>>> print(open('input.cif').read())   # mmCIF, C-alpha atoms
data_input
loop_
_atom_site.label_atom_id
_atom_site.label_comp_id
_atom_site.auth_asym_id
_atom_site.auth_seq_id
_atom_site.Cartn_x
_atom_site.Cartn_y
_atom_site.Cartn_z
CA MET E 1 -8.02 -51.87 2.03
CA ASN E 2 -8.11 -51.22 5.77
CA GLU E 3 -10.42 -48.26 6.39
CA ASN E 4 -8.35 -46.98 9.31
CA ILE E 5 -5.30 -46.72 7.05
CA THR E 6 -7.29 -45.13 4.26
CA LEU E 7 -8.58 -42.41 6.57
CA SER E 8 -5.19 -41.54 8.08
CA ASN E 9 -3.26 -38.37 7.36
CA LYS E 10 -0.20 -40.48 6.60
CA TYR E 11 -2.04 -42.43 3.90
CA PHE E 12 -3.10 -39.32 2.02
CA THR E 13 0.10 -37.31 2.48
CA GLU E 14 2.25 -40.23 1.29
CA ARG E 15 0.04 -40.55 -1.79
CA GLN E 16 0.33 -36.80 -2.34
CA ASN E 17 4.09 -37.09 -2.08
CA ASP E 18 4.03 -39.78 -4.79
CA PHE E 19 1.95 -37.95 -7.37
CA GLU E 20 2.21 -34.21 -6.66
CA SER E 21 5.09 -32.01 -7.75
CA SER E 22 8.03 -31.17 -5.53
CA ALA E 23 6.93 -27.53 -5.71
CA ARG E 24 4.22 -28.17 -3.12
CA SER E 25 4.85 -26.12 0.03
CA TYR E 26 2.14 -26.16 2.69
CA PRO E 27 2.01 -29.98 3.03
CA ARG E 28 5.66 -29.92 4.10
CA LYS E 29 4.71 -27.77 7.11
CA PHE E 30 1.24 -29.10 7.77
CA PRO E 31 1.20 -32.87 6.97
CA LEU E 32 -2.53 -33.45 7.15
CA ALA E 33 -5.46 -34.27 4.87
CA LEU E 34 -8.38 -31.91 5.33
CA LYS E 35 -11.91 -33.25 5.51
CA LYS E 36 -14.13 -30.50 6.93
CA ALA E 37 -13.91 -26.80 7.69
CA LYS E 38 -16.10 -24.17 9.32
CA GLY E 39 -15.33 -20.66 10.44
CA SER E 40 -11.86 -20.55 11.99
CA TYR E 41 -11.44 -24.31 12.22
CA VAL E 42 -10.43 -27.18 9.95
CA VAL E 43 -10.75 -30.90 10.68
CA ASP E 44 -8.48 -33.58 9.23
CA VAL E 45 -9.44 -37.10 8.13
CA GLU E 46 -8.52 -38.45 11.56
CA GLY E 47 -10.94 -36.09 13.30
CA ASN E 48 -8.32 -33.69 14.69
CA LYS E 49 -9.56 -30.10 14.90
CA TYR E 50 -7.18 -27.20 14.21
CA LEU E 51 -7.53 -23.47 14.75
CA ASP E 52 -6.74 -21.94 11.36
CA PHE E 53 -5.00 -18.55 11.29
CA LEU E 54 -3.84 -19.10 7.70
CA CYS E 55 -7.28 -19.18 6.07
CA GLY E 56 -6.14 -19.70 2.50
CA ALA E 57 -3.32 -17.16 2.87
CA GLY E 58 -5.91 -14.49 3.63
CA THR E 59 -8.39 -15.59 0.97
CA LEU E 60 -11.12 -16.58 3.43
CA ALA E 61 -12.08 -13.17 4.80
CA LEU E 62 -15.16 -14.64 6.48
CA GLY E 63 -13.60 -17.96 7.37
CA HIS E 64 -14.43 -21.40 6.02
CA ASN E 65 -17.88 -22.11 4.65
CA ASP E 66 -19.60 -18.91 5.73
CA ASP E 67 -23.35 -19.54 5.58
CA GLU E 68 -24.25 -16.41 3.59
CA VAL E 69 -21.38 -16.86 1.15
CA ASN E 70 -22.24 -20.52 0.59
CA GLN E 71 -25.92 -19.71 0.12
CA ALA E 72 -25.09 -17.14 -2.55
CA MET E 73 -23.09 -19.76 -4.46
CA VAL E 74 -25.77 -22.45 -4.07
CA ASP E 75 -28.51 -20.06 -5.18
CA LEU E 76 -26.54 -19.15 -8.30
CA ILE E 77 -25.89 -22.79 -9.19
CA LEU E 78 -29.54 -23.72 -8.74
CA SER E 79 -30.81 -20.69 -10.67
CA GLY E 80 -29.69 -21.99 -14.04
CA SER E 81 -27.52 -18.92 -14.59
CA PRO E 82 -24.35 -19.42 -16.62
CA LEU E 83 -21.30 -20.15 -14.47
CA HIS E 84 -18.65 -19.58 -17.13
CA THR E 85 -19.02 -16.49 -19.30
CA LEU E 86 -15.54 -15.42 -20.49
CA ASP E 87 -15.88 -11.62 -20.41
CA LEU E 88 -19.55 -11.49 -21.37
CA THR E 89 -21.65 -9.60 -18.86
CA THR E 90 -24.40 -10.88 -16.59
CA PRO E 91 -26.56 -9.37 -13.84
CA VAL E 92 -24.28 -11.10 -11.33
CA LYS E 93 -21.21 -9.46 -12.82
CA ASP E 94 -22.88 -6.06 -13.06
CA ARG E 95 -23.85 -6.19 -9.38
CA PHE E 96 -20.32 -7.20 -8.38
CA VAL E 97 -18.75 -4.35 -10.36
CA GLN E 98 -21.13 -1.74 -8.98
CA THR E 99 -20.48 -2.99 -5.46
CA ILE E 100 -16.71 -2.69 -5.68
CA PHE E 101 -16.87 0.64 -7.53
CA SER E 102 -19.02 2.03 -4.71
CA LEU E 103 -16.15 1.37 -2.29
CA LEU E 104 -13.49 3.24 -4.28
CA PRO E 105 -12.16 6.62 -3.11
CA GLU E 106 -13.46 9.82 -4.62
CA GLY E 107 -11.38 10.72 -7.63
CA LEU E 108 -11.28 7.14 -8.83
CA LYS E 109 -14.86 6.02 -8.20
CA GLU E 110 -16.26 8.21 -10.98
CA ASN E 111 -13.41 7.40 -13.39
CA ALA E 112 -12.89 3.70 -12.81
CA LYS E 113 -12.51 0.84 -15.24
CA ILE E 114 -12.09 -2.83 -14.36
CA GLN E 115 -10.28 -5.70 -16.05
CA PHE E 116 -11.21 -9.24 -15.03
CA CYS E 117 -8.18 -11.50 -15.16
CA SER E 118 -7.40 -15.17 -14.88
CA PRO E 119 -8.06 -16.38 -11.32
CA SER E 120 -4.63 -15.81 -9.79
CA GLY E 121 -3.39 -12.51 -8.40
CA THR E 122 -0.25 -13.07 -10.44
CA ASP E 123 -2.26 -12.48 -13.59
CA ALA E 124 -3.66 -9.22 -12.21
CA VAL E 125 -0.08 -8.04 -11.67
CA ASP E 126 0.92 -8.98 -15.21
CA ALA E 127 -2.20 -7.32 -16.62
CA ALA E 128 -1.51 -4.09 -14.72
CA ILE E 129 2.07 -3.94 -15.96
CA LYS E 130 0.89 -4.45 -19.55
CA LEU E 131 -1.76 -1.77 -19.06
CA CYS E 132 0.74 0.81 -17.83
CA LYS E 133 3.30 -0.01 -20.50
CA THR E 134 0.62 0.37 -23.16
CA ALA E 135 -0.67 3.65 -21.74
CA THR E 136 2.71 5.31 -21.21
CA GLY E 137 4.76 3.85 -24.04
CA ARG E 138 7.52 3.19 -21.51
CA SER E 139 8.93 -0.15 -20.43
CA GLY E 140 10.58 0.07 -17.01
CA VAL E 141 8.95 -0.80 -13.69
CA ILE E 142 9.93 0.25 -10.18
CA ALA E 143 9.30 -2.26 -7.39
CA PHE E 144 10.51 -2.47 -3.80
CA SER E 145 12.82 -4.75 -1.87
CA GLY E 146 10.84 -7.30 0.13
CA ALA E 147 7.91 -7.24 -2.28
CA PHE E 148 5.91 -10.26 -3.35
CA HIS E 149 3.74 -9.86 -6.43
CA GLY E 150 3.33 -13.45 -7.62
CA MET E 151 5.11 -16.35 -9.26
CA GLY E 152 4.52 -15.81 -12.98
CA HIS E 153 7.49 -14.64 -15.04
CA GLY E 154 6.37 -11.02 -15.07
CA ALA E 155 5.19 -10.87 -11.46
CA LEU E 156 8.21 -12.83 -10.22
CA SER E 157 10.53 -10.25 -11.75
CA LEU E 158 8.92 -7.68 -9.42
CA THR E 159 9.28 -9.90 -6.36
CA GLY E 160 12.12 -9.31 -3.92
CA ASN E 161 12.61 -12.85 -2.63
CA LEU E 162 15.73 -14.24 -4.31
CA GLY E 163 15.02 -17.87 -3.46
CA ALA E 164 12.25 -18.04 -6.01
CA LYS E 165 14.24 -16.20 -8.70
CA THR E 166 17.82 -17.41 -8.75
CA LYS E 167 17.17 -20.51 -10.85
CA ILE E 168 14.85 -18.74 -13.30
CA GLY E 169 16.65 -16.87 -16.05
CA ASN E 170 15.39 -14.26 -18.49
CA LEU E 171 12.78 -12.70 -16.24
CA MET E 172 11.16 -9.45 -17.40
CA PRO E 173 13.92 -6.86 -17.90
CA GLY E 174 13.81 -3.23 -16.86
CA VAL E 175 12.86 -3.72 -13.21
CA GLN E 176 14.44 -1.28 -10.76
CA PHE E 177 14.20 -2.14 -7.04
CA MET E 178 14.16 0.60 -4.42
CA PRO E 179 14.36 0.44 -0.60
CA TYR E 180 11.12 -0.14 1.28
CA PRO E 181 10.86 1.39 4.78
CA TYR E 182 11.33 -1.38 7.35
CA SER E 183 11.88 0.30 10.69
CA TYR E 184 13.11 -2.78 12.53
CA ARG E 185 15.59 -3.72 9.77
CA CYS E 186 16.05 -0.29 8.19
CA PRO E 187 17.93 -0.56 4.86
CA PHE E 188 19.71 2.68 5.74
CA GLY E 189 20.68 1.55 9.23
CA LEU E 190 18.60 4.32 10.79
CA GLY E 191 15.21 2.97 11.83
CA GLY E 192 12.14 4.86 13.02
CA GLU E 193 11.12 8.18 11.48
CA GLU E 194 14.64 8.87 10.24
CA GLY E 195 14.57 5.67 8.21
CA VAL E 196 11.20 6.60 6.70
CA LYS E 197 12.47 10.05 5.77
CA ALA E 198 15.58 8.53 4.18
CA ALA E 199 13.52 6.06 2.11
CA SER E 200 11.16 8.82 1.01
CA ALA E 201 14.01 11.15 0.06
CA TYR E 202 15.85 8.38 -1.76
CA PHE E 203 12.77 7.47 -3.81
CA GLU E 204 12.13 11.06 -4.82
CA ARG E 205 15.76 11.83 -5.58
CA MET E 206 16.28 8.73 -7.72
CA LEU E 207 13.31 9.60 -9.91
CA LYS E 208 14.05 13.31 -10.19
CA ASP E 209 17.85 13.32 -10.37
CA PRO E 210 18.93 13.54 -14.04
CA GLU E 211 22.11 11.65 -13.12
CA SER E 212 20.47 8.85 -11.09
CA GLY E 213 20.64 6.35 -13.93
CA VAL E 214 16.96 5.45 -13.40
CA VAL E 215 14.97 5.92 -16.59
CA LYS E 216 11.41 7.16 -16.14
CA PRO E 217 9.36 3.97 -15.72
CA ALA E 218 5.98 2.86 -17.01
CA CYS E 219 4.77 2.47 -13.43
CA VAL E 220 5.61 2.03 -9.77
CA ILE E 221 4.12 -0.98 -7.95
CA ILE E 222 3.89 -1.20 -4.16
CA GLU E 223 2.21 -3.23 -1.43
CA PRO E 224 0.73 -0.94 1.26
CA ILE E 225 1.60 -3.82 3.61
CA GLN E 226 4.21 -6.27 2.41
CA GLY E 227 2.78 -9.70 3.13
CA GLU E 228 5.12 -12.52 2.17
CA GLY E 229 7.96 -10.06 2.81
CA GLY E 230 7.19 -10.18 6.53
CA VAL E 231 4.06 -8.09 7.24
CA ILE E 232 5.73 -4.71 6.89
CA PRO E 233 3.29 -1.77 6.66
CA ALA E 234 4.38 1.10 4.46
CA PRO E 235 4.40 4.25 6.63
CA VAL E 236 1.79 6.83 5.69
CA GLU E 237 4.50 9.41 4.94
CA PHE E 238 6.17 7.05 2.48
CA LEU E 239 2.94 6.18 0.64
CA LYS E 240 2.13 9.89 0.39
CA THR E 241 5.60 10.55 -1.03
CA VAL E 242 5.30 7.80 -3.62
CA ARG E 243 1.90 9.11 -4.68
CA ARG E 244 3.02 12.74 -4.85
CA VAL E 245 6.19 12.03 -6.81
CA THR E 246 4.56 9.64 -9.27
CA LYS E 247 1.77 12.14 -9.87
CA GLU E 248 4.22 14.98 -10.42
CA LEU E 249 6.15 12.91 -12.95
CA GLY E 250 3.15 11.33 -14.69
CA ILE E 251 3.99 7.79 -13.57
CA PRO E 252 1.06 5.46 -12.84
CA MET E 253 1.05 4.16 -9.26
CA ILE E 254 -0.10 0.56 -8.78
CA VAL E 255 -1.09 -0.56 -5.28
CA ASP E 256 -1.07 -4.31 -4.78
CA GLU E 257 -3.93 -4.97 -2.34
CA ILE E 258 -4.12 -8.68 -3.18
CA GLN E 259 -3.36 -9.82 0.37
CA CYS E 260 -3.71 -6.69 2.50
CA GLY E 261 -6.94 -5.41 0.95
CA ILE E 262 -10.68 -6.11 1.36
CA GLY E 263 -10.81 -5.29 5.07
CA ARG E 264 -7.69 -7.13 6.19
CA SER E 265 -6.03 -3.96 7.54
CA GLY E 266 -9.17 -2.53 9.13
CA LYS E 267 -9.94 -0.47 6.01
CA VAL E 268 -11.49 -1.75 2.80
CA PHE E 269 -8.24 -0.79 1.06
CA THR E 270 -5.04 -0.33 3.04
CA PHE E 271 -3.96 2.72 1.03
CA GLU E 272 -6.89 4.57 2.63
CA TYR E 273 -4.76 5.08 5.74
CA ALA E 274 -2.59 7.44 3.69
CA GLU E 275 -5.60 9.18 2.11
CA ILE E 276 -4.18 8.75 -1.38
CA VAL E 277 -5.83 7.84 -4.67
CA PRO E 278 -3.74 5.42 -6.75
CA ASP E 279 -4.05 4.96 -10.49
CA VAL E 280 -4.34 1.17 -10.34
CA ILE E 281 -5.57 -1.23 -7.65
CA LEU E 282 -4.92 -4.97 -7.74
CA CYS E 283 -7.36 -7.29 -5.97
CA SER E 284 -7.59 -11.05 -5.64
CA LYS E 285 -7.72 -13.54 -2.71
CA ALA E 286 -10.61 -12.32 -0.49
CA ILE E 287 -12.44 -10.53 -3.29
CA GLY E 288 -13.73 -13.83 -4.72
CA GLY E 289 -15.46 -14.89 -1.53
CA SER E 290 -13.31 -18.07 -1.28
CA GLN E 291 -13.40 -18.69 -5.04
CA PRO E 292 -10.68 -17.84 -7.61
CA LEU E 293 -10.90 -14.29 -8.96
CA SER E 294 -8.57 -11.40 -9.69
CA VAL E 295 -9.22 -7.92 -11.02
CA VAL E 296 -7.39 -4.76 -11.99
CA ILE E 297 -9.23 -1.53 -11.17
CA TYR E 298 -7.77 1.55 -12.80
CA ASN E 299 -8.30 5.12 -13.91
CA LYS E 300 -9.95 5.30 -17.31
CA ASP E 301 -7.16 7.59 -18.56
CA LEU E 302 -5.02 4.44 -18.79
CA ASP E 303 -7.59 2.53 -20.81
CA LEU E 304 -5.71 2.51 -24.11
CA TRP E 305 -5.84 -1.24 -24.68
CA THR E 306 -7.24 -2.71 -27.87
CA ALA E 307 -9.72 -5.59 -27.87
CA GLY E 308 -8.10 -8.80 -26.65
CA ALA E 309 -5.00 -7.05 -25.28
CA HIS E 310 -5.35 -9.10 -22.11
CA THR E 311 -7.52 -12.20 -21.96
CA GLY E 312 -8.09 -15.24 -19.79
CA THR E 313 -10.44 -18.18 -20.18
CA PHE E 314 -11.62 -18.19 -16.57
CA ARG E 315 -12.06 -14.44 -16.06
CA GLY E 316 -15.85 -14.89 -15.99
CA ASN E 317 -16.12 -16.84 -12.71
CA GLN E 318 -19.73 -16.10 -11.81
CA ILE E 319 -19.66 -18.10 -8.58
CA ALA E 320 -16.74 -15.99 -7.35
CA MET E 321 -18.56 -12.78 -8.26
CA ALA E 322 -21.71 -13.84 -6.41
CA ALA E 323 -19.70 -14.87 -3.35
CA GLY E 324 -17.44 -11.83 -3.61
CA THR E 325 -20.40 -9.45 -3.57
CA VAL E 326 -21.43 -10.91 -0.22
CA VAL E 327 -17.93 -10.48 1.17
CA LEU E 328 -17.62 -6.90 -0.09
CA ASN E 329 -20.95 -5.91 1.45
CA ARG E 330 -20.13 -7.50 4.80
CA VAL E 331 -16.52 -6.39 5.07
CA SER E 332 -17.17 -2.78 4.02
CA ASN E 333 -19.66 -2.25 6.85
CA PRO E 334 -18.09 0.41 9.15
CA ASP E 335 -18.99 -1.59 12.26
CA PHE E 336 -17.31 -4.69 10.80
CA LEU E 337 -14.14 -2.71 10.07
CA LYS E 338 -14.12 -1.24 13.57
CA GLU E 339 -14.22 -4.79 14.94
CA VAL E 340 -11.27 -5.78 12.73
CA GLN E 341 -9.31 -2.86 14.13
CA ARG E 342 -10.35 -3.63 17.70
CA LYS E 343 -9.41 -7.29 17.48
CA GLY E 344 -6.15 -6.45 15.71
CA ASN E 345 -5.19 -3.88 18.33
CA TYR E 346 -5.97 -6.33 21.12
CA LEU E 347 -3.92 -9.07 19.49
CA MET E 348 -1.01 -6.68 18.90
CA THR E 349 -1.13 -5.57 22.53
CA LYS E 350 -1.09 -9.12 23.88
CA LEU E 351 1.67 -10.17 21.51
CA GLY E 352 3.64 -7.10 22.58
CA GLU E 353 3.32 -8.22 26.19
CA LEU E 354 4.62 -11.65 25.20
CA LYS E 355 7.52 -10.02 23.36
CA ASP E 356 8.53 -8.27 26.58
CA GLU E 357 8.60 -11.60 28.44
CA VAL E 358 10.81 -13.54 26.02
CA SER E 359 14.12 -13.07 24.22
CA ILE E 360 13.26 -14.59 20.83
CA ILE E 361 10.71 -12.05 19.52
CA GLY E 362 12.28 -8.99 17.98
CA ASP E 363 9.31 -7.10 16.55
CA ILE E 364 5.50 -7.08 16.42
CA ARG E 365 3.93 -5.11 13.58
CA GLY E 366 0.93 -4.86 11.31
CA LYS E 367 -2.49 -3.28 10.82
CA GLY E 368 -5.89 -4.75 11.59
CA LEU E 369 -5.76 -8.53 11.40
CA MET E 370 -2.61 -8.66 9.30
CA ILE E 371 0.08 -9.07 11.95
CA GLY E 372 3.69 -10.22 11.86
CA ILE E 373 5.83 -11.60 14.70
CA GLU E 374 9.54 -11.55 13.82
CA PHE E 375 11.71 -14.13 15.57
CA ILE E 376 15.34 -13.52 16.37
CA ASP E 377 18.24 -15.44 17.85
CA PRO E 378 19.42 -13.33 20.81
CA ARG E 379 22.69 -15.27 20.89
CA GLY E 380 23.75 -14.39 17.37
CA GLU E 381 25.16 -11.46 15.44
CA LYS E 382 23.47 -8.07 15.33
CA ASP E 383 22.43 -5.94 12.36
CA LEU E 384 23.39 -2.32 11.57
CA ILE E 385 20.92 -0.96 14.12
CA GLY E 386 21.98 -3.40 16.82
CA HIS E 387 19.07 -5.83 16.61
CA PRO E 388 19.82 -9.56 16.77
CA MET E 389 19.52 -11.17 13.35
CA GLN E 390 16.31 -12.88 12.25
CA SER E 391 16.00 -16.61 12.85
CA GLY E 392 14.09 -18.78 10.43
CA LYS E 393 15.15 -21.81 12.47
CA ILE E 394 13.44 -20.57 15.61
CA ALA E 395 10.34 -19.46 13.70
CA ALA E 396 10.11 -22.88 12.03
CA LEU E 397 10.27 -24.60 15.42
CA VAL E 398 7.53 -22.33 16.77
CA GLN E 399 5.40 -23.09 13.72
CA ARG E 400 5.88 -26.85 14.08
CA LEU E 401 5.07 -26.87 17.78
CA CYS E 402 1.99 -24.72 17.15
CA PHE E 403 0.83 -27.27 14.59
CA GLU E 404 1.40 -30.08 17.08
CA ASN E 405 -0.84 -28.09 19.45
CA LYS E 406 -3.56 -27.91 16.76
CA PHE E 407 -2.89 -24.34 15.61
CA ILE E 408 -2.01 -23.41 12.02
CA MET E 409 -0.11 -20.23 11.20
CA GLU E 410 2.18 -19.43 8.27
CA LYS E 411 5.67 -17.91 8.11
CA GLY E 412 7.21 -15.32 5.80
CA GLY E 413 9.79 -12.55 5.83
CA ARG E 414 13.57 -12.75 5.61
CA ASP E 415 14.68 -16.37 6.06
CA GLY E 416 11.11 -17.31 6.98
CA SER E 417 11.54 -15.65 10.38
CA VAL E 418 8.13 -13.97 10.64
CA MET E 419 4.97 -15.72 11.82
CA ARG E 420 1.99 -14.12 10.09
CA CYS E 421 -1.57 -13.72 11.32
CA LEU E 422 -4.06 -14.09 8.44
CA CYS E 423 -7.10 -15.26 10.40
CA ALA E 424 -10.73 -14.81 9.39
CA LEU E 425 -11.76 -11.16 9.74
CA ASN E 426 -14.83 -12.23 11.71
CA VAL E 427 -12.71 -14.32 14.09
CA LYS E 428 -14.35 -14.62 17.50
CA ASP E 429 -12.81 -13.19 20.65
CA GLU E 430 -12.63 -16.63 22.22
CA GLU E 431 -10.73 -17.90 19.16
CA ILE E 432 -8.21 -15.11 19.58
CA GLU E 433 -7.80 -16.15 23.21
CA GLU E 434 -7.29 -19.76 22.13
CA MET E 435 -4.63 -18.64 19.66
CA LEU E 436 -2.87 -16.55 22.31
CA SER E 437 -2.92 -19.44 24.75
CA ILE E 438 -1.31 -21.89 22.33
CA PHE E 439 1.12 -19.38 20.88
CA THR E 440 2.25 -18.10 24.28
CA LYS E 441 2.82 -21.61 25.56
CA VAL E 442 4.87 -22.59 22.52
CA VAL E 443 6.94 -19.39 22.37
CA LYS E 444 7.85 -19.60 26.06
CA GLU E 445 8.84 -23.24 25.63
CA VAL E 446 11.10 -22.40 22.66
CA ASP E 447 12.49 -19.35 24.46
CA LEU E 448 13.51 -21.53 27.40
CA SER E 449 15.25 -23.94 25.04
CA VAL E 450 17.16 -21.06 23.47
CA LYS E 451 18.21 -19.73 26.88
CA ASN E 452 19.45 -23.21 27.80
CA ASN E 453 21.22 -23.54 24.43
CA ALA E 454 19.15 -26.65 23.75
CA ILE E 455 18.55 -25.55 20.15
#
>>> encode(input="input.cif", output="structure tokens")
Amino acid sequence: MNENITLSNKYFTERQNDFESSARSYPRKFPLALKKAKGSYVVDVEGNKYLDFLCGAGTLALGHNDDEVNQAMVDLILSGSPLHTLDLTTPVKDRFVQTIFSLLPEGLKENAKIQFCSPSGTDAVDAAIKLCKTATGRSGVIAFSGAFHGMGHGALSLTGNLGAKTKIGNLMPGVQFMPYPYSYRCPFGLGGEEGVKAASAYFERMLKDPESGVVKPACVIIEPIQGEGGVIPAPVEFLKTVRRVTKELGIPMIVDEIQCGIGRSGKVFTFEYAEIVPDVILCSKAIGGSQPLSVVIYNKDLDLWTAGAHTGTFRGNQIAMAAGTVVLNRVSNPDFLKEVQRKGNYLMTKLGELKDEVSIIGDIRGKGLMIGIEFIDPRGEKDLIGHPMQSGKIAALVQRLCFENKFIMEKGGRDGSVMRCLCALNVKDEEIEEMLSIFTKVVKEVDLSVKNNAI
């Protein structure tokens, strides 16, 4: 076989197309075969180097192949320690647990329990729902429009995106969706502080009104920043309201920090911005230091499970715990978090300047290095507030042209209209400048095409 053909992206992607399921997603947007990766860059089999602001959908908090993370994994493998332990304990596991418990807020830190789940964040969601149903004896769950909690049957039932749900019948019953504050596309047609107040009042009224039709649920689950839903931060006032009301009514509050947590927002946990203490915290992605791991951290008052109530063969991933301990120690350093906030603020400022120069960006939002850029079609219809409607078509073109310019960034949000920054948290300033250079060039090119009605 000709070596040049064998080492081409086309060779591998065509083979992938032949044998991998039609459910694959990223290869459709990024048709390449990866060979090497380091820091904020990946290299394909043809030697092309790409700036990666996807980083495993936020899993790689310290980028690809961080030296300290890799060394921790190598040391564990060479030590002869067990790598697969089910839920048996080890010194590695004990150190990991104590590390993450030390980062919890007062009020939970001294009362915390942890459940190790199967590797995916979806399983952590399912485990948390089972935990709260067991502890309360109730069956309903309140989730929020725009949420993404995973693709398993239970987690999918809590997810707002209809595209993933419409062909799947008999999802978990008893899920009640409520409006999530989204200032730019306010569900009440208000926007700004008035929209936040309306969402907060609606949430409280629906749970306290004896005629609302909403039965007291087993739990409320919320993302402090909706990720796949379009990088929409929950306002502090709203998170405080959800915590106050759930506490008053004895309803466990679950915060899904799977994507927005572990330093991504500029805090170890995003809910810290609201100075609340939830009952349950869900963690996955970055917490495993690039390896598969998911956990549920919760108040011991909920710990009414019996032995074996939630299991998973691969919940004892020792390599992930060793690597995750390194990540937790690095990311929780106050100086590290200040840098995340500084870089995020700078990126938001520069993107805001770009927004003012073009017609196809409607909104820039986020916290830390979790940033969303919502694309609009200025020629189209307007929403209730008067904003042009979102455009997945324009966002997709921006994404494709970025990829052609050796820059990888994922989409999300309504109709896939939001480009999402999920870069390494230790991204270098010069890499941010490289991203801004490529992104600005592409956006201005697309904006010109829109103004000329070329697309």
>>> resolve_selection(input="input.cif", expression="the PyMOL selection byres ((chain E and resi 117) around 6)", output="NGL selection string")
:E and (116 or 118 or 124 or 294-295 or 312 or 315)
>>> closest_residue(input="input.cif", among="E:Ser40, E:Thr241, E:Ser79, E:Ser25", to="Phe203 in chain E", atoms="only C-alpha atoms")
E:Thr241
>>> atom_distance(input="input.cif", atom1="CA of Lys285 in chain E", atom2="CA of Arg414 in chain E")
22.9 Å
>>> closest_residue(input="input.cif", among="E:Tyr184, E:Tyr346, E:Phe271, E:Phe403", to="Lys382 in chain E", atoms="all atoms listed in the file")
E:Tyr184
>>> resolve_selection(input="input.cif", expression="the PyMOL selection byres ((chain E and resi 196) around 12)", output="mmCIF file with C-alpha atoms, keeping the file's coordinate frame")
data_model
loop_
_atom_site.group_PDB
_atom_site.id
_atom_site.type_symbol
_atom_site.label_atom_id
_atom_site.label_comp_id
_atom_site.auth_asym_id
_atom_site.auth_seq_id
_atom_site.Cartn_x
_atom_site.Cartn_y
_atom_site.Cartn_z
ATOM 1 C CA PRO E 179 14.360 0.440 -0.600
ATOM 2 C CA TYR E 180 11.120 -0.140 1.280
ATOM 3 C CA PRO E 181 10.860 1.390 4.780
ATOM 4 C CA TYR E 182 11.330 -1.380 7.350
ATOM 5 C CA SER E 183 11.880 0.300 10.690
ATOM 6 C CA TYR E 184 13.110 -2.780 12.530
ATOM 7 C CA ARG E 185 15.590 -3.720 9.770
ATOM 8 C CA CYS E 186 16.050 -0.290 8.190
ATOM 9 C CA PRO E 187 17.930 -0.560 4.860
ATOM 10 C CA PHE E 188 19.710 2.680 5.740
ATOM 11 C CA GLY E 189 20.680 1.550 9.230
ATOM 12 C CA LEU E 190 18.600 4.320 10.790
ATOM 13 C CA GLY E 191 15.210 2.970 11.830
ATOM 14 C CA GLY E 192 12.140 4.860 13.020
ATOM 15 C CA GLU E 193 11.120 8.180 11.480
ATOM 16 C CA GLU E 194 14.640 8.870 10.240
ATOM 17 C CA GLY E 195 14.570 5.670 8.210
ATOM 18 C CA LYS E 197 12.470 10.050 5.770
ATOM 19 C CA ALA E 198 15.580 8.530 4.180
ATOM 20 C CA ALA E 199 13.520 6.060 2.110
ATOM 21 C CA SER E 200 11.160 8.820 1.010
ATOM 22 C CA ALA E 201 14.010 11.150 0.060
ATOM 23 C CA TYR E 202 15.850 8.380 -1.760
ATOM 24 C CA PHE E 203 12.770 7.470 -3.810
ATOM 25 C CA PRO E 233 3.290 -1.770 6.660
ATOM 26 C CA ALA E 234 4.380 1.100 4.460
ATOM 27 C CA PRO E 235 4.400 4.250 6.630
ATOM 28 C CA VAL E 236 1.790 6.830 5.690
ATOM 29 C CA GLU E 237 4.500 9.410 4.940
ATOM 30 C CA PHE E 238 6.170 7.050 2.480
ATOM 31 C CA LEU E 239 2.940 6.180 0.640
ATOM 32 C CA LYS E 240 2.130 9.890 0.390
ATOM 33 C CA THR E 241 5.600 10.550 -1.030
ATOM 34 C CA VAL E 242 5.300 7.800 -3.620
#
>>> atom_distance(input="input.cif", atom1="CA of Leu207 in chain E", atom2="CA of Asp383 in chain E")
28.6 Å
>>> closest_residue(input="input.cif", among="E:Ser417, E:Asn345, E:Thr311, E:Gln291", to="Gly56 in chain E", atoms="all atoms listed in the file")
E:Gln291
>>> residues_around(input="input.cif", residues="range 99-103 of chain E", least_positions_apart="5", cutoff="9 Å", atoms="all atoms listed in the file", output="list in words")
Asp94, Leu108, Lys109, Glu110, Ala112, Lys113, Val268, Phe269, Ile297, Thr325, Leu328, Asn329 and Ser332 of chain E
>>> resolve_selection(input="input.cif", expression="the PyMOL selection byres ((chain E and resi 370) around 9)", output="PyMOL selection string")
chain E and resi 58+225+227+231+260+264-266+344+365-369+371-372+420-423
>>> atom_distance(input="input.cif", atom1="CA of Glu20 in chain E", atom2="CA of Val42 in chain E")
22.0 Å
>>> residues_around(input="input.cif", residues="Ser290 in chain E", least_positions_apart="6", cutoff="9 Å", atoms="only C-alpha atoms", output="NGL selection string")
:E and (56 or 59-65 or 69 or 320 or 323-324)
>>> residues_around(input="input.cif", residues="Leu7 in chain E", least_positions_apart="5", cutoff="9 Å", atoms="all atoms listed in the file", output="PDB file with C-alpha atoms, keeping the file's coordinate frame")
ATOM      1  CA  ASN E   2      -8.110 -51.220   5.770  1.00  0.00           C
ATOM      2  CA  PHE E  12      -3.100 -39.320   2.020  1.00  0.00           C
ATOM      3  CA  ALA E  33      -5.460 -34.270   4.870  1.00  0.00           C
ATOM      4  CA  VAL E  45      -9.440 -37.100   8.130  1.00  0.00           C
ATOM      5  CA  GLU E  46      -8.520 -38.450  11.560  1.00  0.00           C
TER       6      GLU E  46
END
>>> closest_residue(input="input.cif", among="E:Ala155, E:Cys55, E:Ala322, E:Val398", to="Ala127 in chain E", atoms="all atoms listed in the file")
E:Ala155
